[in-house]
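Coordinates from entry.txt are shown below (compact mmCIF, C-alpha atoms and all ligand atoms).
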```txt
# COMPACT_ATOMS: atom_id res chain seq x y z
CA MET A 9 -50.94 78.21 21.69
CA VAL A 10 -49.02 75.08 22.60
CA ASP A 11 -45.64 74.70 20.93
CA THR A 12 -45.59 70.94 20.33
CA SER A 13 -41.87 70.74 19.47
CA LEU A 14 -40.97 72.41 22.75
CA GLU A 15 -43.47 70.36 24.75
CA PHE A 16 -42.13 67.14 23.27
CA LEU A 17 -38.61 68.23 24.13
CA ARG A 18 -39.63 69.03 27.72
CA PHE A 19 -41.22 65.61 28.05
CA ARG A 20 -37.99 63.92 26.90
CA VAL A 21 -35.69 66.11 28.99
CA MET A 22 -37.74 65.65 32.16
CA GLY A 23 -37.76 61.90 31.55
CA ILE A 24 -33.96 61.81 31.31
CA MET A 25 -33.58 64.11 34.33
CA SER A 26 -35.78 61.86 36.44
CA GLN A 27 -33.27 59.03 35.82
CA MET A 28 -30.24 61.09 36.83
CA GLU A 29 -28.68 60.10 40.12
CA SER A 30 -27.33 63.61 40.73
CA LEU A 31 -30.91 64.95 40.78
CA ASN A 32 -32.24 62.29 43.14
CA GLY A 33 -34.62 63.79 45.65
CA LYS A 34 -35.15 66.96 43.60
CA ASP A 35 -38.78 67.76 42.87
CA LEU A 36 -38.76 67.99 39.08
CA GLN A 37 -42.52 68.19 38.60
CA PRO A 38 -42.69 72.04 38.76
CA LEU A 39 -40.51 72.12 35.62
CA ALA A 40 -43.60 70.91 33.74
CA SER A 41 -45.33 74.28 34.33
CA ILE A 42 -42.58 76.59 33.12
CA PRO A 43 -43.70 78.59 30.07
CA LEU A 44 -41.56 77.63 27.08
CA GLY A 45 -40.66 79.92 24.21
CA ARG A 46 -38.44 80.50 21.22
CA LEU A 47 -35.72 83.08 20.87
CA ARG A 48 -35.75 85.42 17.89
CA ARG A 49 -34.73 83.63 14.73
CA ASN A 50 -31.82 86.02 14.14
CA ALA A 51 -30.34 85.66 17.63
CA THR A 52 -26.70 84.69 17.17
CA ARG A 53 -25.05 84.73 20.58
CA LEU A 54 -27.83 83.26 22.70
CA HIS A 55 -28.72 79.58 22.30
CA GLY A 56 -31.03 79.31 25.29
CA VAL A 57 -32.16 81.39 28.24
CA CYS A 58 -33.91 81.02 31.60
CA ARG A 59 -35.74 84.26 32.32
CA PHE A 60 -36.77 84.85 35.91
CA ASN A 61 -39.73 86.93 37.03
CA LYS A 62 -39.17 90.65 37.58
CA GLY A 63 -37.53 91.35 40.91
CA VAL A 64 -36.15 87.85 41.39
CA ASP A 65 -32.53 87.78 42.54
CA LYS A 66 -30.65 85.11 40.57
CA ARG A 67 -28.31 84.59 43.52
CA ASP A 68 -31.20 83.68 45.82
CA VAL A 69 -30.52 80.16 47.14
CA ASN A 70 -34.24 79.44 47.26
CA LEU A 71 -34.88 79.96 43.54
CA SER A 72 -37.47 77.58 42.19
CA PRO A 73 -39.30 76.92 38.90
CA THR A 74 -42.15 79.17 40.07
CA ASP A 75 -39.72 82.11 39.86
CA VAL A 76 -39.23 81.46 36.16
CA ARG A 77 -41.04 83.58 33.61
CA GLU A 78 -39.82 81.62 30.59
CA VAL A 79 -37.28 79.15 29.28
CA ALA A 80 -36.58 79.94 25.64
CA LEU A 81 -34.47 78.11 23.05
CA HIS A 82 -33.15 79.13 19.68
CA PRO A 83 -35.70 78.02 17.04
CA GLU A 84 -32.90 76.61 14.89
CA SER A 85 -32.01 74.13 17.66
CA LEU A 86 -35.44 72.52 17.26
CA LYS A 87 -34.58 71.26 13.78
CA SER A 88 -34.00 67.51 13.75
CA GLU A 89 -30.22 67.69 13.22
CA TRP A 90 -29.76 69.79 16.38
CA LEU A 91 -32.35 68.19 18.68
CA GLN A 92 -29.68 66.39 20.67
CA TYR A 93 -28.17 69.79 21.47
CA ALA A 94 -31.60 71.31 22.16
CA GLU A 95 -32.16 68.65 24.84
CA PHE A 96 -28.93 69.64 26.50
CA LEU A 97 -29.86 73.34 26.25
CA MET A 98 -33.21 72.76 27.91
CA PHE A 99 -31.54 70.67 30.63
CA HIS A 100 -29.07 73.53 31.21
CA GLU A 101 -31.88 76.10 31.55
CA PHE A 102 -33.87 73.75 33.79
CA LEU A 103 -30.89 73.52 36.13
CA HIS A 104 -31.05 77.31 36.44
CA ALA A 105 -34.77 77.01 37.16
CA LEU A 106 -34.09 74.44 39.90
CA GLY A 107 -32.25 77.02 41.95
CA HIS A 108 -28.84 77.43 40.35
CA GLY A 109 -28.93 81.00 39.13
CA GLY A 110 -25.34 81.16 37.96
CA HIS A 111 -22.67 78.93 36.45
CA ASP A 112 -20.87 78.09 39.69
CA SER A 113 -18.93 74.87 40.26
CA GLU A 114 -22.00 73.06 41.59
CA PHE A 115 -23.88 74.03 38.43
CA ARG A 116 -21.04 72.81 36.21
CA HIS A 117 -20.89 69.56 38.15
CA LEU A 118 -24.61 68.92 37.66
CA GLU A 119 -24.43 69.96 34.02
CA ALA A 120 -21.61 67.46 33.41
CA GLN A 121 -23.89 64.60 34.54
CA TRP A 122 -26.03 64.88 31.39
CA PRO A 123 -25.81 61.34 29.97
CA ASP A 124 -25.39 62.40 26.33
CA LYS A 125 -21.73 63.48 26.39
CA GLU A 126 -21.75 64.44 22.73
CA ALA A 127 -24.55 66.98 23.13
CA LYS A 128 -22.62 69.74 24.87
CA GLN A 129 -19.82 69.59 22.29
CA MET A 130 -22.38 70.38 19.58
CA GLY A 131 -22.56 73.94 20.88
CA VAL A 132 -19.47 74.97 18.94
CA ASN A 133 -20.85 73.68 15.65
CA PHE A 134 -24.23 75.19 16.40
CA ALA A 135 -22.62 78.61 16.86
CA VAL A 136 -20.89 78.27 13.49
CA HIS A 137 -24.16 77.12 11.93
CA LEU A 138 -26.03 80.15 13.31
CA ARG A 139 -23.46 82.54 11.98
CA LYS A 140 -23.78 81.09 8.49
CA HIS A 141 -27.54 80.93 8.77
CA ASN A 142 -27.76 84.61 9.68
CA ALA A 143 -25.08 85.77 7.29
CA LYS A 144 -25.90 88.66 5.01
CA PHE A 145 -22.40 89.33 3.73
CA THR A 146 -19.33 87.46 2.64
CA TRP A 147 -16.05 89.11 3.54
CA LYS A 148 -13.50 88.20 0.88
CA CYS A 149 -9.80 88.74 0.62
CA PRO A 150 -9.06 90.15 -2.85
CA THR A 151 -5.58 88.60 -2.81
CA CYS A 152 -5.97 85.03 -1.58
CA ASP A 153 -9.13 82.89 -1.62
CA TRP A 154 -9.97 83.31 2.04
CA GLN A 155 -13.57 84.27 2.87
CA THR A 156 -16.02 84.24 5.77
CA GLU A 157 -19.75 84.80 6.17
CA ARG A 158 -21.03 87.46 8.56
CA SER A 159 -24.22 89.28 9.50
CA VAL A 160 -22.63 92.74 9.25
CA ARG A 161 -20.36 94.46 6.71
CA SER A 162 -16.63 94.47 7.32
CA ALA A 163 -16.70 98.03 5.90
CA GLY A 164 -12.94 98.20 5.56
CA ARG A 165 -12.35 97.52 9.25
CA TYR A 166 -10.78 94.08 8.86
CA LEU A 167 -7.65 92.77 7.18
CA CYS A 168 -6.91 89.32 5.82
CA ARG A 169 -4.72 87.62 8.42
CA SER A 170 -2.23 86.31 5.90
CA CYS A 171 -2.18 89.09 3.28
CA LYS A 172 -2.82 92.11 5.53
CA VAL A 173 -5.13 93.43 2.81
CA LYS A 174 -8.56 94.95 3.52
CA LEU A 175 -11.42 92.46 3.14
CA VAL A 176 -14.15 93.28 0.61
CA ASP A 177 -17.89 92.86 1.28
CA PHE A 178 -20.20 90.91 -1.00
CA VAL A 179 -23.94 90.87 -0.35
CA LEU A 180 -25.43 87.40 0.00
CA THR A 181 -28.86 86.74 -1.45
CA ALA A 182 -31.57 85.24 0.77
CA ASN A 183 -30.65 81.89 2.31
ZN ZN B 1 -26.71 79.15 31.85
ZN ZN B 2 -5.64 87.06 1.88
```
Take the structure in this file and express it as structure tokens.
Ligand SMILES: [Zn+2]
Ligand SMILES: [Zn+2]
Amino acid sequence: MVDTSLEFLRFRVMGIMSQMESLNGKDLQPLASIPLGRLRRNATRLHGVCRFNKGVDKRDVNLSPTDVREVALHPESLKSEWLQYAEFLMFHEFLHALGHGGHDSEFRHLEAQWPDKEAKQMGVNFAVHLRKHNAKFTWKCPTCDWQTERSVRSAGRYLCRSCKVKLVDFVLTAN
């Protein structure tokens, strides 16, 4: 089944990449054949991933898109308000697919050439958004008004920073 949101994103990202001077001379066409997927909805740490085929060494200097099993993005990033960030995420994973297995200085240099400078900064807000989105509990300080939303119970393990009092768990209803 074709995931139209992801395919549309790929079309846009490849279009932008083809205009980037830093990628001049790179054969981008194989990126069009990489299987695209979505991460689990409740993933909190991972925003995007480039998964290589079994047995592929990520440090291999000859890595190419044909070594890629899947590029997957967080489904939440495909919502309209995060699409700008999703483009950047896909670009980031495509750079891995083009032969940069790790986040070395060359990778960071290429990554920094993405024309939408705002996009990368959205990662911080997206992480906060995911945490709220996946929250099942509110940890509240019984003394002051401070509270935070989390996916696990604090279970008496955490203190309020200002009051040094144990935080109390409240169960959130479905969001
Ligand atoms: Zn990466
Ligand atoms: Zn407090």
Query raised in the report: Hey, what's within 10 Å of Ala163 (chain A) if we count only C-alpha atoms and toss same-chain stuff fewer than 2 positions away? As a PyMOL selection string, please?
Result: chain A and resi 147+160-161+165-166+174-177
Query raised in the report: Near Gly109 (chain A), within 8 Å and counting all atoms listed in the file, which residues show up once chain neighbours fewer than 5 positions away are dropped, as a ChimeraX atom specification?
Result: /A:66-68,71,104
Query - For Arg169 (chain A): contacts at 12 Å, only C-alpha atoms, fewer than 5 positions along chain excluded, given as a PyMOL selection string - result: chain A and resi 148-149+151-155+174-175
Query raised in the report: Could you tell me, as a list in words, which residues have any atom at most 8 Å from (-34.8, 82.3, 41.9), counting all atoms listed in the file?
Result: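 I get Phe60, Val64, Asp65, Lys66, Arg67, Asp68, Val69, Asn70, Leu71, Ser72, Pro73, Asp75, Val76, Ala105, Gly107, His108 and Gly109 of chain A for the residues within 8 Å of that point.
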Query - Between CA of Glu29 (chain A) and CA of Ala80 (chain A), distance in Å (one decimal) - result: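 Interatomic distance, CA of Glu29 (chain A) to CA of Ala80 (chain A): 25.8 Å.
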Report task. For a cut-off of 12 Å around (-46.4, 77.3, 20.4), file coordinates, pick out all residues using all atoms listed in the file and list them as a list in words. Result ->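 Using all atoms listed in the file, the matching residues come out as Met9, Val10, Asp11, Thr12, Ser13, Leu14, Glu15, Phe16, Pro43, Leu44, Gly45, Arg46, Ala80 and Pro83 of chain A.
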Query - One-decimal distance in Å that lies between CA of Leu97 (chain A) and CA of His82 (chain A) - result: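 CA of Leu97 (chain A) lies 9.4 Å from CA of His82 (chain A).
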Ligand ZN 1 (chain B) neighbours within 8 Å using all atoms listed in the file, as a compact mmCIF listing (two decimals) with C-alpha atoms, in the frame of the given file:
```txt
# COMPACT_ATOMS: atom_id res chain seq x y z
CA GLY A 56 -31.03 79.31 25.29
CA VAL A 57 -32.16 81.39 28.24
CA CYS A 58 -33.91 81.02 31.60
CA HIS A 100 -29.07 73.53 31.21
CA GLU A 101 -31.88 76.10 31.55
CA HIS A 104 -31.05 77.31 36.44
CA GLY A 109 -28.93 81.00 39.13
CA GLY A 110 -25.34 81.16 37.96
CA HIS A 111 -22.67 78.93 36.45
```
**Report entry** Atomic distance CA of Thr146 (chain A) - CA of Ala51 (chain A), expressed in Å with one decimal
**Finding:**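 Distance reported for this atom pair: 18.7 Å.
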If I only have part of region 17-43 of chain A, can you fill in N, CA and C atoms and write it as a PDB file, keeping the file's coordinate frame?
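This is the output file part05.pdb:
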```pdb
ATOM      1  N   LEU A  17     -39.977  68.138  23.605  1.00  0.00           N
ATOM      2  CA  LEU A  17     -38.610  68.230  24.130  1.00  0.00           C
ATOM      3  C   LEU A  17     -38.628  68.211  25.663  1.00  0.00           C
ATOM      4  N   ARG A  18     -39.531  68.997  26.250  1.00  0.00           N
ATOM      5  CA  ARG A  18     -39.630  69.030  27.720  1.00  0.00           C
ATOM      6  C   ARG A  18     -39.925  67.650  28.272  1.00  0.00           C
ATOM      7  N   PHE A  19     -40.836  66.949  27.616  1.00  0.00           N
ATOM      8  CA  PHE A  19     -41.220  65.610  28.050  1.00  0.00           C
ATOM      9  C   PHE A  19     -39.994  64.687  28.063  1.00  0.00           C
ATOM     10  N   ARG A  20     -39.189  64.754  26.986  1.00  0.00           N
ATOM     11  CA  ARG A  20     -37.990  63.920  26.900  1.00  0.00           C
ATOM     12  C   ARG A  20     -36.956  64.312  27.954  1.00  0.00           C
ATOM     13  N   VAL A  21     -36.720  65.615  28.071  1.00  0.00           N
ATOM     14  CA  VAL A  21     -35.690  66.110  28.990  1.00  0.00           C
ATOM     15  C   VAL A  21     -36.055  65.769  30.433  1.00  0.00           C
ATOM     16  N   MET A  22     -37.320  65.966  30.793  1.00  0.00           N
ATOM     17  CA  MET A  22     -37.740  65.650  32.160  1.00  0.00           C
ATOM     18  C   MET A  22     -37.626  64.157  32.433  1.00  0.00           C
ATOM     19  N   GLY A  23     -37.900  63.347  31.411  1.00  0.00           N
ATOM     20  CA  GLY A  23     -37.760  61.900  31.550  1.00  0.00           C
ATOM     21  C   GLY A  23     -36.321  61.511  31.843  1.00  0.00           C
ATOM     22  N   ILE A  24     -35.396  62.114  31.102  1.00  0.00           N
ATOM     23  CA  ILE A  24     -33.960  61.810  31.310  1.00  0.00           C
ATOM     24  C   ILE A  24     -33.520  62.317  32.684  1.00  0.00           C
ATOM     25  N   MET A  25     -33.976  63.531  33.039  1.00  0.00           N
ATOM     26  CA  MET A  25     -33.580  64.110  34.330  1.00  0.00           C
ATOM     27  C   MET A  25     -34.051  63.258  35.495  1.00  0.00           C
ATOM     28  N   SER A  26     -35.235  62.654  35.335  1.00  0.00           N
ATOM     29  CA  SER A  26     -35.780  61.860  36.440  1.00  0.00           C
ATOM     30  C   SER A  26     -34.953  60.597  36.683  1.00  0.00           C
ATOM     31  N   GLN A  27     -34.132  60.214  35.675  1.00  0.00           N
ATOM     32  CA  GLN A  27     -33.270  59.030  35.820  1.00  0.00           C
ATOM     33  C   GLN A  27     -31.878  59.387  36.328  1.00  0.00           C
ATOM     34  N   MET A  28     -31.595  60.677  36.472  1.00  0.00           N
ATOM     35  CA  MET A  28     -30.240  61.090  36.830  1.00  0.00           C
ATOM     36  C   MET A  28     -30.006  61.031  38.331  1.00  0.00           C
ATOM     37  N   GLU A  29     -28.981  60.291  38.715  1.00  0.00           N
ATOM     38  CA  GLU A  29     -28.680  60.100  40.120  1.00  0.00           C
ATOM     39  C   GLU A  29     -28.413  61.432  40.835  1.00  0.00           C
ATOM     40  N   SER A  30     -27.715  62.327  40.125  1.00  0.00           N
ATOM     41  CA  SER A  30     -27.330  63.610  40.730  1.00  0.00           C
ATOM     42  C   SER A  30     -28.542  64.468  41.084  1.00  0.00           C
ATOM     43  N   LEU A  31     -29.707  64.155  40.498  1.00  0.00           N
ATOM     44  CA  LEU A  31     -30.910  64.950  40.780  1.00  0.00           C
ATOM     45  C   LEU A  31     -31.888  64.203  41.678  1.00  0.00           C
ATOM     46  N   ASN A  32     -31.416  63.070  42.211  1.00  0.00           N
ATOM     47  CA  ASN A  32     -32.240  62.290  43.140  1.00  0.00           C
ATOM     48  C   ASN A  32     -32.774  63.153  44.264  1.00  0.00           C
ATOM     49  N   GLY A  33     -34.056  63.041  44.536  1.00  0.00           N
ATOM     50  CA  GLY A  33     -34.620  63.790  45.650  1.00  0.00           C
ATOM     51  C   GLY A  33     -35.055  65.192  45.271  1.00  0.00           C
ATOM     52  N   LYS A  34     -34.692  65.642  44.067  1.00  0.00           N
ATOM     53  CA  LYS A  34     -35.150  66.960  43.600  1.00  0.00           C
ATOM     54  C   LYS A  34     -36.572  66.813  43.070  1.00  0.00           C
ATOM     55  N   ASP A  35     -37.416  67.781  43.397  1.00  0.00           N
ATOM     56  CA  ASP A  35     -38.780  67.760  42.870  1.00  0.00           C
ATOM     57  C   ASP A  35     -38.752  68.380  41.464  1.00  0.00           C
ATOM     58  N   LEU A  36     -38.852  67.520  40.462  1.00  0.00           N
ATOM     59  CA  LEU A  36     -38.760  67.990  39.080  1.00  0.00           C
ATOM     60  C   LEU A  36     -40.110  68.398  38.503  1.00  0.00           C
ATOM     61  N   GLN A  37     -41.184  67.972  39.152  1.00  0.00           N
ATOM     62  CA  GLN A  37     -42.520  68.190  38.600  1.00  0.00           C
ATOM     63  C   GLN A  37     -42.825  69.653  38.257  1.00  0.00           C
ATOM     64  N   PRO A  38     -42.393  70.626  39.096  1.00  0.00           N
ATOM     65  CA  PRO A  38     -42.690  72.040  38.760  1.00  0.00           C
ATOM     66  C   PRO A  38     -42.100  72.489  37.425  1.00  0.00           C
ATOM     67  N   LEU A  39     -41.097  71.761  36.917  1.00  0.00           N
ATOM     68  CA  LEU A  39     -40.510  72.120  35.620  1.00  0.00           C
ATOM     69  C   LEU A  39     -41.559  72.015  34.511  1.00  0.00           C
ATOM     70  N   ALA A  40     -42.557  71.155  34.747  1.00  0.00           N
ATOM     71  CA  ALA A  40     -43.600  70.910  33.740  1.00  0.00           C
ATOM     72  C   ALA A  40     -44.459  72.148  33.506  1.00  0.00           C
ATOM     73  N   SER A  41     -44.454  73.093  34.454  1.00  0.00           N
ATOM     74  CA  SER A  41     -45.330  74.280  34.330  1.00  0.00           C
ATOM     75  C   SER A  41     -44.606  75.517  33.844  1.00  0.00           C
ATOM     76  N   ILE A  42     -43.326  75.415  33.603  1.00  0.00           N
ATOM     77  CA  ILE A  42     -42.580  76.590  33.120  1.00  0.00           C
ATOM     78  C   ILE A  42     -43.015  76.935  31.698  1.00  0.00           C
ATOM     79  N   PRO A  43     -43.372  78.200  31.447  1.00  0.00           N
ATOM     80  CA  PRO A  43     -43.700  78.590  30.070  1.00  0.00           C
ATOM     81  C   PRO A  43     -42.469  78.445  29.174  1.00  0.00           C
TER      82      PRO A  43
END
```
